[in-house]
$ cat work.txt   # compact mmCIF, C-alpha atoms
# COMPACT_ATOMS: atom_id res chain seq x y z
CA MET C 252 -5.95 -11.20 12.82
CA SER C 253 -2.72 -9.91 14.28
CA TYR C 254 0.12 -9.27 11.88
CA ASP C 255 3.51 -10.91 12.01
CA ARG C 256 6.44 -10.03 9.78
CA ILE C 257 5.47 -12.49 7.03
CA ASP C 258 2.02 -10.89 6.77
CA TYR C 259 3.55 -7.43 6.40
CA TRP C 260 5.79 -8.66 3.59
CA VAL C 261 2.92 -10.37 1.78
CA VAL C 262 1.08 -7.01 1.83
CA ILE C 263 4.20 -5.09 0.72
CA LEU C 264 5.20 -7.43 -2.11
CA GLY C 265 1.65 -8.33 -3.16
CA GLY C 266 0.67 -4.65 -3.14
CA MET C 267 3.78 -3.84 -5.16
CA LEU C 268 2.91 -6.39 -7.87
CA VAL C 269 -0.76 -5.37 -8.05
CA THR C 270 0.14 -1.68 -8.30
CA TYR C 271 2.98 -2.18 -10.74
CA PHE C 272 1.03 -4.25 -13.22
CA THR C 273 -1.87 -1.80 -13.10
CA ARG C 274 0.53 0.98 -14.09
CA LEU C 275 2.28 -1.12 -16.73
CA SER C 276 -0.93 -2.56 -18.24
CA PHE C 277 -1.56 -0.20 -21.13
CA PHE C 278 2.08 0.44 -21.88
CA THR C 279 1.91 -3.01 -23.46
CA LEU C 280 -1.83 -3.54 -24.21
CA ASP C 281 -3.82 -1.55 -26.75
CA PRO C 282 -6.46 0.52 -24.90
CA GLY C 283 -8.63 0.47 -28.02
CA ARG C 284 -9.54 -3.13 -27.20
CA LEU C 285 -11.09 -2.16 -23.87
CA PRO C 286 -14.92 -2.48 -23.90
CA HIS C 287 -16.73 0.85 -23.85
CA ALA C 288 -18.59 0.07 -20.62
CA VAL C 289 -15.32 -0.68 -18.83
CA ARG C 290 -13.88 2.65 -19.94
CA ARG C 291 -16.94 4.45 -18.68
CA ALA C 292 -16.69 2.71 -15.32
CA LEU C 293 -12.97 3.51 -15.08
CA ARG C 294 -13.62 7.23 -15.44
CA LEU C 295 -15.74 7.08 -12.29
CA VAL C 296 -13.24 5.12 -10.19
CA PRO C 297 -11.58 8.17 -8.57
CA ALA C 298 -14.93 9.62 -7.45
CA ALA C 299 -16.03 6.29 -5.95
CA VAL C 300 -12.77 5.47 -4.18
CA LEU C 301 -12.12 8.95 -2.81
CA ALA C 302 -15.69 9.39 -1.49
CA ALA C 303 -15.66 5.97 0.17
CA ILE C 304 -12.44 6.84 2.00
CA ILE C 305 -13.60 10.33 3.04
CA THR C 306 -16.99 9.65 4.64
CA PRO C 307 -16.12 7.10 7.36
CA ALA C 308 -13.54 9.53 8.77
CA TRP C 309 -15.86 12.51 8.36
CA ILE C 310 -19.20 11.08 9.58
CA GLY C 311 -17.94 8.18 11.70
CA ASP C 312 -20.27 5.53 13.09
CA PRO C 313 -23.81 6.62 12.07
CA GLY C 314 -25.22 5.22 15.32
CA ALA C 315 -22.95 7.46 17.39
CA PHE C 316 -23.18 10.56 15.19
CA THR C 317 -23.65 14.00 16.77
CA TRP C 318 -23.67 17.39 15.02
CA SER C 319 -20.87 18.57 17.29
CA ARG C 320 -18.51 15.82 16.11
CA PRO C 321 -15.21 17.73 15.51
CA GLN C 322 -14.33 15.73 12.39
CA PHE C 323 -17.75 16.44 10.94
CA LEU C 324 -17.54 20.21 11.51
CA ALA C 325 -13.92 20.53 10.36
CA GLY C 326 -14.56 18.22 7.40
CA SER C 327 -17.65 20.18 6.36
CA LEU C 328 -15.66 23.41 6.35
CA ALA C 329 -12.92 21.72 4.31
CA ALA C 330 -15.47 20.30 1.86
CA LEU C 331 -16.89 23.78 1.33
CA ILE C 332 -13.41 25.17 0.69
CA ALA C 333 -12.50 22.30 -1.63
CA TRP C 334 -15.70 22.83 -3.61
CA ARG C 335 -15.40 26.63 -3.85
CA THR C 336 -11.64 27.07 -4.33
CA LYS C 337 -10.34 23.70 -5.63
CA ASN C 338 -7.19 24.62 -3.67
CA THR C 339 -5.53 21.56 -2.13
CA TRP C 340 -3.39 23.32 0.44
CA LEU C 341 -6.08 25.73 1.59
CA THR C 342 -8.47 22.78 2.04
CA ILE C 343 -6.02 20.75 4.09
CA SER C 344 -4.60 23.54 6.23
CA VAL C 345 -7.95 25.15 7.10
CA GLY C 346 -9.58 21.76 7.71
CA PHE C 347 -6.75 20.62 9.91
CA ALA C 348 -6.54 23.90 11.86
CA ALA C 349 -10.31 23.72 12.43
CA LEU C 350 -10.00 20.18 13.78
CA LEU C 351 -7.27 21.22 16.23
CA VAL C 352 -9.31 24.19 17.49
CA LEU C 353 -12.55 22.17 17.77
CA ASN C 354 -10.81 19.34 19.60
CA THR C 355 -9.50 21.87 22.10
CA ILE C 356 -12.85 23.63 22.55
CA LEU C 357 -15.08 20.56 22.62
CA SER C 358 -12.94 18.30 24.79
CA MET K 197 26.71 11.94 -29.44
CA ASP K 198 27.59 14.75 -27.07
CA VAL K 199 24.71 16.83 -28.39
CA ARG K 200 22.21 14.02 -27.74
CA PHE K 201 23.59 13.48 -24.28
CA ALA K 202 23.22 17.18 -23.51
CA ASP K 203 19.62 17.16 -24.77
CA ARG K 204 18.75 14.18 -22.60
CA ARG K 205 20.40 15.70 -19.58
CA ARG K 206 18.51 18.95 -20.08
CA ALA K 207 15.16 17.12 -20.47
CA PHE K 208 15.87 15.09 -17.32
CA LEU K 209 16.71 18.21 -15.30
CA GLU K 210 13.62 20.02 -16.59
CA GLY K 211 11.58 17.07 -15.35
CA VAL K 212 13.19 17.40 -11.92
CA ARG K 213 12.58 21.15 -11.85
CA ASP K 214 8.89 20.89 -12.87
CA GLN K 215 8.18 18.26 -10.21
CA LEU K 216 9.62 20.34 -7.35
CA PRO K 217 6.45 22.39 -6.61
CA LEU K 218 4.49 19.14 -6.22
CA VAL K 219 7.16 17.76 -3.90
CA LEU K 220 6.24 20.54 -1.48
CA GLY K 221 2.74 19.10 -1.38
CA VAL K 222 3.75 15.44 -1.28
CA ALA K 223 6.57 15.51 1.29
CA PRO K 224 4.35 16.28 4.31
CA PHE K 225 2.24 13.27 3.40
CA GLY K 226 5.25 11.02 3.27
CA ALA K 227 6.09 12.20 6.78
CA ILE K 228 2.51 11.73 8.00
CA PHE K 229 2.47 8.27 6.42
CA GLY K 230 5.69 7.28 8.21
CA ALA K 231 4.44 8.57 11.55
CA LEU K 232 1.01 6.95 11.17
CA SER K 233 2.43 3.58 10.16
CA ILE K 234 4.73 3.50 13.19
CA SER K 235 1.89 4.59 15.48
CA VAL K 236 -0.26 1.58 14.49
CA GLY K 237 2.63 -0.77 15.24
CA ILE K 238 4.16 -1.47 11.82
CA PRO K 239 7.95 -1.81 12.23
CA PRO K 240 10.23 0.88 10.69
CA ILE K 241 11.76 -1.43 8.03
CA GLU K 242 8.33 -2.54 6.78
CA THR K 243 7.07 1.06 6.84
CA GLN K 244 9.94 2.21 4.65
CA ALA K 245 9.48 -0.86 2.42
CA LEU K 246 5.87 0.16 1.76
CA SER K 247 7.13 3.51 0.43
CA LEU K 248 10.07 1.96 -1.44
CA LEU K 249 8.19 -0.87 -3.11
CA LEU K 250 4.46 -0.16 -3.12
CA PHE K 251 5.07 3.56 -3.78
CA ALA K 252 1.42 4.66 -3.94
CA GLY K 253 0.48 7.22 -1.29
CA SER K 254 -3.26 6.71 -0.93
CA ALA K 255 -3.00 2.91 -1.16
CA GLN K 256 -0.29 2.96 1.52
CA PHE K 257 -2.52 4.99 3.86
CA ILE K 258 -5.44 2.63 3.28
CA ALA K 259 -3.27 -0.46 3.75
CA VAL K 260 -1.94 0.87 7.05
CA SER K 261 -5.39 1.77 8.36
CA LEU K 262 -6.71 -1.69 7.42
CA ILE K 263 -3.71 -3.42 9.01
CA ALA K 264 -4.31 -1.36 12.16
CA VAL K 265 -7.72 -3.03 12.65
CA GLY K 266 -6.41 -6.49 11.83
CA THR K 267 -7.90 -6.88 8.34
CA PRO K 268 -6.90 -10.16 6.64
CA VAL K 269 -4.03 -9.86 4.15
CA LEU K 270 -6.11 -10.84 1.12
CA ILE K 271 -8.72 -8.13 1.79
CA VAL K 272 -5.93 -5.56 2.18
CA LEU K 273 -4.50 -6.57 -1.20
CA VAL K 274 -7.86 -6.46 -2.99
CA THR K 275 -8.54 -3.02 -1.48
CA VAL K 276 -5.11 -1.79 -2.61
CA ALA K 277 -5.91 -3.05 -6.12
CA ILE K 278 -9.25 -1.19 -6.18
CA VAL K 279 -7.77 2.04 -4.81
CA ASN K 280 -5.04 1.89 -7.46
CA LEU K 281 -7.43 1.14 -10.33
CA ARG K 282 -7.22 4.81 -11.26
CA HIS K 283 -3.67 4.15 -12.46
CA LEU K 284 -5.29 2.25 -15.35
CA LEU K 285 -6.61 5.61 -16.50
CA TYR K 286 -3.13 7.11 -16.45
CA SER K 287 -1.72 4.08 -18.18
CA ILE K 288 -4.32 4.43 -20.94
CA ALA K 289 -3.83 8.18 -21.29
CA ILE K 290 -0.07 7.95 -21.67
CA SER K 291 -0.01 4.72 -23.71
CA PRO K 292 0.21 6.41 -27.17
CA TYR K 293 3.64 7.74 -26.18
CA MET K 294 4.81 4.40 -24.77
CA GLN K 295 3.91 1.95 -27.55
CA SER K 296 7.09 2.54 -29.55
CA LEU K 297 9.43 2.25 -26.56
CA GLY K 298 11.37 -0.83 -25.57
CA LEU K 299 10.91 -2.64 -22.27
CA ARG K 300 14.04 -0.92 -20.97
CA TRP K 301 11.93 2.27 -20.86
CA LYS K 302 8.50 0.80 -20.16
CA ILE K 303 9.60 -1.02 -17.02
CA PRO K 304 11.05 1.97 -15.11
CA LEU K 305 8.50 4.50 -16.40
CA ALA K 306 5.55 2.32 -15.34
CA TRP K 307 7.16 2.09 -11.92
CA LEU K 308 7.15 5.87 -11.64
CA LEU K 309 3.58 6.42 -12.91
CA THR K 310 2.00 8.11 -9.89
CA ASP K 311 -0.73 10.77 -9.77
CA GLU K 312 1.82 13.58 -9.55
CA ALA K 313 4.31 12.27 -12.13
CA PHE K 314 1.43 11.62 -14.52
CA ALA K 315 0.14 15.17 -14.07
CA ILE K 316 3.52 16.67 -15.00
CA ALA K 317 4.74 14.19 -17.62
CA SER K 318 1.49 13.94 -19.61
CA LEU K 319 1.51 17.73 -20.00
CA ARG K 320 4.97 17.54 -21.54
CA TYR K 321 4.03 14.71 -23.90
CA HIS K 322 1.00 16.63 -25.13
CA GLN K 323 3.06 19.78 -25.68
CA THR K 324 6.24 18.54 -27.32
CA ASP K 325 6.28 14.76 -27.97
CA THR K 326 10.01 14.55 -28.73
CA GLU K 327 12.51 11.79 -28.19
CA GLN K 328 13.76 13.43 -24.98
CA ASP K 329 10.36 13.38 -23.27
CA HIS K 330 11.10 10.01 -21.68
CA TRP K 331 14.09 11.53 -19.95
CA TYR K 332 11.81 14.28 -18.72
CA PHE K 333 9.35 11.68 -17.35
CA LEU K 334 12.26 9.83 -15.73
CA GLY K 335 13.50 13.03 -14.05
CA THR K 336 10.06 13.98 -12.79
CA GLY K 337 9.27 10.46 -11.54
CA LEU K 338 12.59 9.91 -9.79
CA THR K 339 12.30 13.29 -8.03
CA LEU K 340 8.94 12.30 -6.60
CA TRP K 341 10.13 8.81 -5.67
CA GLY K 342 13.19 10.17 -3.87
CA SER K 343 11.25 12.79 -1.94
CA TRP K 344 8.67 10.17 -0.90
CA GLN K 345 11.46 7.99 0.54
CA VAL K 346 13.13 10.84 2.42
CA SER K 347 9.85 12.17 3.83
CA THR K 348 8.71 8.68 4.92
CA PHE K 349 12.02 8.25 6.71
CA LEU K 350 11.59 11.58 8.50
CA GLY K 351 8.09 10.52 9.58
CA ILE K 352 9.43 7.22 10.92
CA THR K 353 12.21 8.87 12.90
CA ALA K 354 10.56 12.11 14.06
CA GLY K 355 6.85 11.22 13.91
CA ALA K 356 6.68 10.22 17.55
CA LEU K 357 7.27 13.86 18.49
CA ILE K 358 3.79 14.75 17.19
CA PRO K 359 1.05 14.20 19.80
CA THR K 360 -1.62 11.68 18.79
CA SER K 361 -4.32 14.12 19.91
CA TRP K 362 -3.57 16.09 16.74
CA GLN K 363 -5.18 13.25 14.75
CA LEU K 364 -2.76 13.55 11.85
CA GLU K 365 -4.59 10.79 10.03
CA PHE K 366 -7.41 13.25 9.35
CA ALA K 367 -5.09 14.84 6.75
CA LEU K 368 -5.94 11.95 4.41
CA PRO K 369 -9.72 12.58 4.06
CA LEU K 370 -8.98 16.31 3.81
CA THR K 371 -6.55 15.71 0.94
CA PHE K 372 -9.02 13.47 -0.80
CA MET K 373 -11.73 16.13 -0.54
CA ALA K 374 -9.42 18.48 -2.42
CA ILE K 375 -8.70 15.84 -5.08
CA LEU K 376 -12.35 14.79 -5.33
CA ALA K 377 -13.84 18.28 -5.83
CA PRO K 378 -12.53 18.85 -9.40
CA ASN K 379 -13.69 15.31 -10.31
CA LEU K 380 -17.34 16.12 -9.69
CA THR K 381 -18.08 17.51 -13.13
CA SER K 382 -21.02 15.35 -14.20
CA ARG K 383 -24.21 13.94 -12.76
CA ALA K 384 -22.74 10.45 -12.99
CA ALA K 385 -19.71 11.50 -10.95
CA TRP K 386 -21.96 13.01 -8.26
CA VAL K 387 -24.14 9.90 -8.11
CA THR K 388 -21.04 7.71 -7.87
CA ALA K 389 -19.44 9.79 -5.11
CA LEU K 390 -22.63 10.17 -3.05
CA THR K 391 -23.45 6.46 -3.32
CA ALA K 392 -19.94 5.35 -2.44
CA GLY K 393 -19.73 7.86 0.42
CA ALA K 394 -23.09 6.93 1.95
CA LEU K 395 -22.52 3.18 1.61
CA ALA K 396 -19.03 3.41 3.08
CA VAL K 397 -20.55 4.84 6.28
CA LEU K 398 -23.46 2.41 6.39
CA LEU K 399 -21.34 -0.64 5.58
CA ALA K 400 -18.42 0.27 7.85
CA ASP K 401 -19.16 -2.72 10.06
CA LEU K 402 -19.18 -5.34 7.31
CA PRO K 403 -16.99 -8.27 8.31
CA LEU K 404 -13.27 -8.17 7.43
CA SER K 405 -13.32 -4.47 6.46
CA THR K 406 -14.97 -5.23 3.13
CA GLY K 407 -17.21 -2.13 3.39
CA LEU K 408 -14.94 0.01 1.20
CA LEU K 409 -14.83 -2.59 -1.56
CA ALA K 410 -18.57 -3.17 -1.56
CA SER K 411 -19.29 0.58 -1.56
CA VAL K 412 -16.97 1.29 -4.47
CA LEU K 413 -18.29 -1.57 -6.60
CA VAL K 414 -21.98 -0.75 -6.06
CA ALA K 415 -21.31 2.96 -6.72
CA LEU K 416 -19.46 2.16 -9.96
CA VAL K 417 -22.33 0.03 -11.25
CA LEU K 418 -24.87 2.75 -10.43
CA GLY K 419 -22.66 5.57 -11.75
CA THR K 420 -21.94 3.78 -15.03
CA TRP K 421 -25.65 3.24 -15.50
CA VAL K 422 -26.38 6.95 -14.92
CA GLN K 423 -23.57 7.86 -17.28
CA GLY K 424 -25.18 5.69 -19.93
CA LEU K 425 -28.39 7.70 -19.51
CA GLU K 426 -26.62 11.03 -19.96
CA THR K 427 -26.88 12.10 -23.54
CA ASP K 428 -23.92 14.47 -23.74
CA SER K 429 -20.67 12.59 -24.25
CA GLY K 430 -18.41 15.62 -24.44
CA GLN K 431 -15.73 14.10 -22.27
CA GLN K 432 -14.19 10.78 -23.26
CA VAL K 433 -11.23 8.99 -21.78
CA ASN K 434 -8.07 10.05 -23.58
CA SER K 435 -6.85 7.21 -25.67

$ encode --input "work.txt" --output "structure tokens"
Amino acid sequence: MSYDRIDYWVVILGGMLVTYFTRLSFFTLDPGRLPHAVRRALRLVPAAVLAAIITPAWIGDPGAFTWSRPQFLAGSLAALIAWRTKNTWLTISVGFAALLVLNTILS
Amino acid sequence: MDVRFADRRRAFLEGVRDQLPLVLGVAPFGAIFGALSISVGIPPIETQALSLLLFAGSAQFIAVSLIAVGTPVLIVLVTVAIVNLRHLLYSIAISPYMQSLGLRWKIPLAWLLTDEAFAIASLRYHQTDTEQDHWYFLGTGLTLWGSWQVSTFLGITAGALIPTSWQLEFALPLTFMAILAPNLTSRAAWVTALTAGALAVLLADLPLSTGLLASVLVALVLGTWVQGLETDSGQQVNS
């Protein structure tokens, strides 16, 4: 679909309500009443969401994948740095610099 | 009365001060968000409104990238809800300090409960737990909110100066790698991340951009099952 102004505002206001009530939820509810299984699942939410956002940008379309894909090489270097150093700014700056260099070399 | 006012003011300003290092990290993303949103055709007013009202960095990036490929509004909203589910964790973790407060505190503080404000404010609550801590939270949250608005605005106005060949949007997966790495502390977390990551690639062509949702939900079911198998329960959700 193509977006008109109403659609944008439905996303903005709807997203605002969804986000706000998620944040407010346990300021008013007692977390002790949450089932154990739900708590366990919640702890894994960041890992699931973050990974699902990372890989499509990193790997791209599996049918068109090549080892010399700049995003794959730069992302792999960044993943290594993230894993070894846990340093946010080192991960981003090295990963991004690598992408710029690779795009220049490989294009 | 003057003494209490001075205490509150000091707590508020300490909150501002302690948030400043994180602002250095967040501000570039506000600018990248503004530039990216404009580049996919979202008007400036709506771009700023996303930062003003939705005020959730990663969800804003996802929403903009889904809008860019024409994803239906409802799918965008459900995806935003899933991406922001992690705020439930923050809400749970900080709830013991909120229960006694009136709505006049709960309403603004919930508004300001982002990843960064949570990181700073929850530390303070654990350390001191005094009456002024809410002012500290308010100071830290408002600092982040203000810097997010200013940086978004800079991205909207100056973002066009950055060539598209730089692929600024790649900063998002890079940031998430850095956030994800410390999360991978158990077998269940690894299983969840690997499943979600692999499925997100394989299901990228699902109709209406529902691949992300499907990947996250399947990975959560599998990860929760693996977590149930793990015998050590050393780490529980703070409650």

$ interface_residues --input "work.txt" --of "chain C" --to "chain K" --cutoff "6 Å" --atoms "all atoms listed in the file" --output "ChimeraX atom specification"
/C:252-253,263,266-267,269,273-275,277-278,282,292,298-303,305-307,333-334,339,343

$ atom_distance --input "work.txt" --atom1 "atom CA of K:Ala207" --atom2 "atom CA of K:Gln345"
23.2 Å

$ atom_distance --input "work.txt" --atom1 "atom CA of K:Ala227" --atom2 "atom CA of K:Leu350"
5.8 Å

$ atom_distance --input "work.txt" --atom1 "atom CA of C:Gly326" --atom2 "atom CA of C:Arg294"
25.4 Å

$ closest_residue --input "work.txt" --among "C:Leu280, C:Ile356, C:Leu293, C:Ala330" --to "C:Trp309" --atoms "only C-alpha atoms"
C:Ala330

$ residues_around --input "work.txt" --residues "C:Leu357" --least-positions-apart "2" --cutoff "12 Å" --atoms "all atoms listed in the file" --output "list in words"
Trp318, Ser319, Arg320, Pro321, Gln322, Leu324, Ala349, Leu350, Leu351, Val352, Leu353, Asn354 and Thr355 of chain C

$ build_atoms --input "work.txt" --residues "stretch 389-414 of chain K" --atoms "N, CA and C atoms" --output "short mmCIF file (atom, residue, chain, number, x, y, z; two decimals), in the coordinates of the input"
data_model
loop_
_atom_site.label_atom_id
_atom_site.label_comp_id
_atom_site.auth_asym_id
_atom_site.auth_seq_id
_atom_site.Cartn_x
_atom_site.Cartn_y
_atom_site.Cartn_z
N ALA K 389 -20.07 9.36 -6.37
CA ALA K 389 -19.44 9.79 -5.11
C ALA K 389 -20.41 9.72 -3.94
N LEU K 390 -21.66 10.18 -4.15
CA LEU K 390 -22.63 10.17 -3.05
C LEU K 390 -22.98 8.74 -2.64
N THR K 391 -23.14 7.86 -3.64
CA THR K 391 -23.45 6.46 -3.32
C THR K 391 -22.30 5.81 -2.55
N ALA K 392 -21.10 5.97 -3.09
CA ALA K 392 -19.94 5.35 -2.44
C ALA K 392 -19.75 5.90 -1.03
N GLY K 393 -19.92 7.23 -0.88
CA GLY K 393 -19.73 7.86 0.42
C GLY K 393 -20.76 7.39 1.44
N ALA K 394 -22.04 7.35 1.02
CA ALA K 394 -23.09 6.93 1.95
C ALA K 394 -22.93 5.45 2.32
N LEU K 395 -22.67 4.62 1.33
CA LEU K 395 -22.52 3.18 1.61
C LEU K 395 -21.31 2.91 2.50
N ALA K 396 -20.23 3.65 2.28
CA ALA K 396 -19.03 3.41 3.08
C ALA K 396 -19.30 3.63 4.56
N VAL K 397 -20.17 4.60 4.89
CA VAL K 397 -20.55 4.84 6.28
C VAL K 397 -21.46 3.73 6.79
N LEU K 398 -22.46 3.39 5.96
CA LEU K 398 -23.46 2.41 6.39
C LEU K 398 -22.88 1.00 6.48
N LEU K 399 -21.90 0.71 5.63
CA LEU K 399 -21.34 -0.64 5.58
C LEU K 399 -20.02 -0.77 6.34
N ALA K 400 -19.73 0.25 7.17
CA ALA K 400 -18.42 0.27 7.85
C ALA K 400 -18.22 -0.97 8.71
N ASP K 401 -19.30 -1.58 9.16
CA ASP K 401 -19.16 -2.72 10.06
C ASP K 401 -19.22 -4.07 9.34
N LEU K 402 -19.21 -4.06 8.02
CA LEU K 402 -19.18 -5.34 7.31
C LEU K 402 -17.97 -6.14 7.78
N PRO K 403 -18.11 -7.47 7.82
CA PRO K 403 -16.99 -8.27 8.31
C PRO K 403 -15.72 -8.07 7.47
N LEU K 404 -14.58 -8.19 8.09
CA LEU K 404 -13.27 -8.17 7.43
C LEU K 404 -12.99 -6.88 6.68
N SER K 405 -13.56 -5.77 7.11
CA SER K 405 -13.32 -4.47 6.46
C SER K 405 -13.60 -4.48 4.96
N THR K 406 -14.65 -5.17 4.55
CA THR K 406 -14.97 -5.23 3.13
C THR K 406 -15.93 -4.11 2.72
N GLY K 407 -16.26 -3.21 3.67
CA GLY K 407 -17.21 -2.13 3.39
C GLY K 407 -16.76 -1.23 2.25
N LEU K 408 -15.47 -0.89 2.25
CA LEU K 408 -14.94 0.01 1.20
C LEU K 408 -15.10 -0.61 -0.18
N LEU K 409 -14.73 -1.89 -0.28
CA LEU K 409 -14.83 -2.59 -1.56
C LEU K 409 -16.26 -2.64 -2.06
N ALA K 410 -17.17 -3.04 -1.17
CA ALA K 410 -18.57 -3.17 -1.56
C ALA K 410 -19.12 -1.81 -1.99
N SER K 411 -18.79 -0.76 -1.24
CA SER K 411 -19.29 0.58 -1.56
C SER K 411 -18.82 1.04 -2.93
N VAL K 412 -17.54 0.84 -3.20
CA VAL K 412 -16.97 1.29 -4.47
C VAL K 412 -17.60 0.53 -5.64
N LEU K 413 -17.76 -0.78 -5.49
CA LEU K 413 -18.29 -1.57 -6.60
C LEU K 413 -19.74 -1.22 -6.90
N VAL K 414 -20.57 -1.10 -5.84
CA VAL K 414 -21.98 -0.75 -6.06
C VAL K 414 -22.07 0.64 -6.70
#
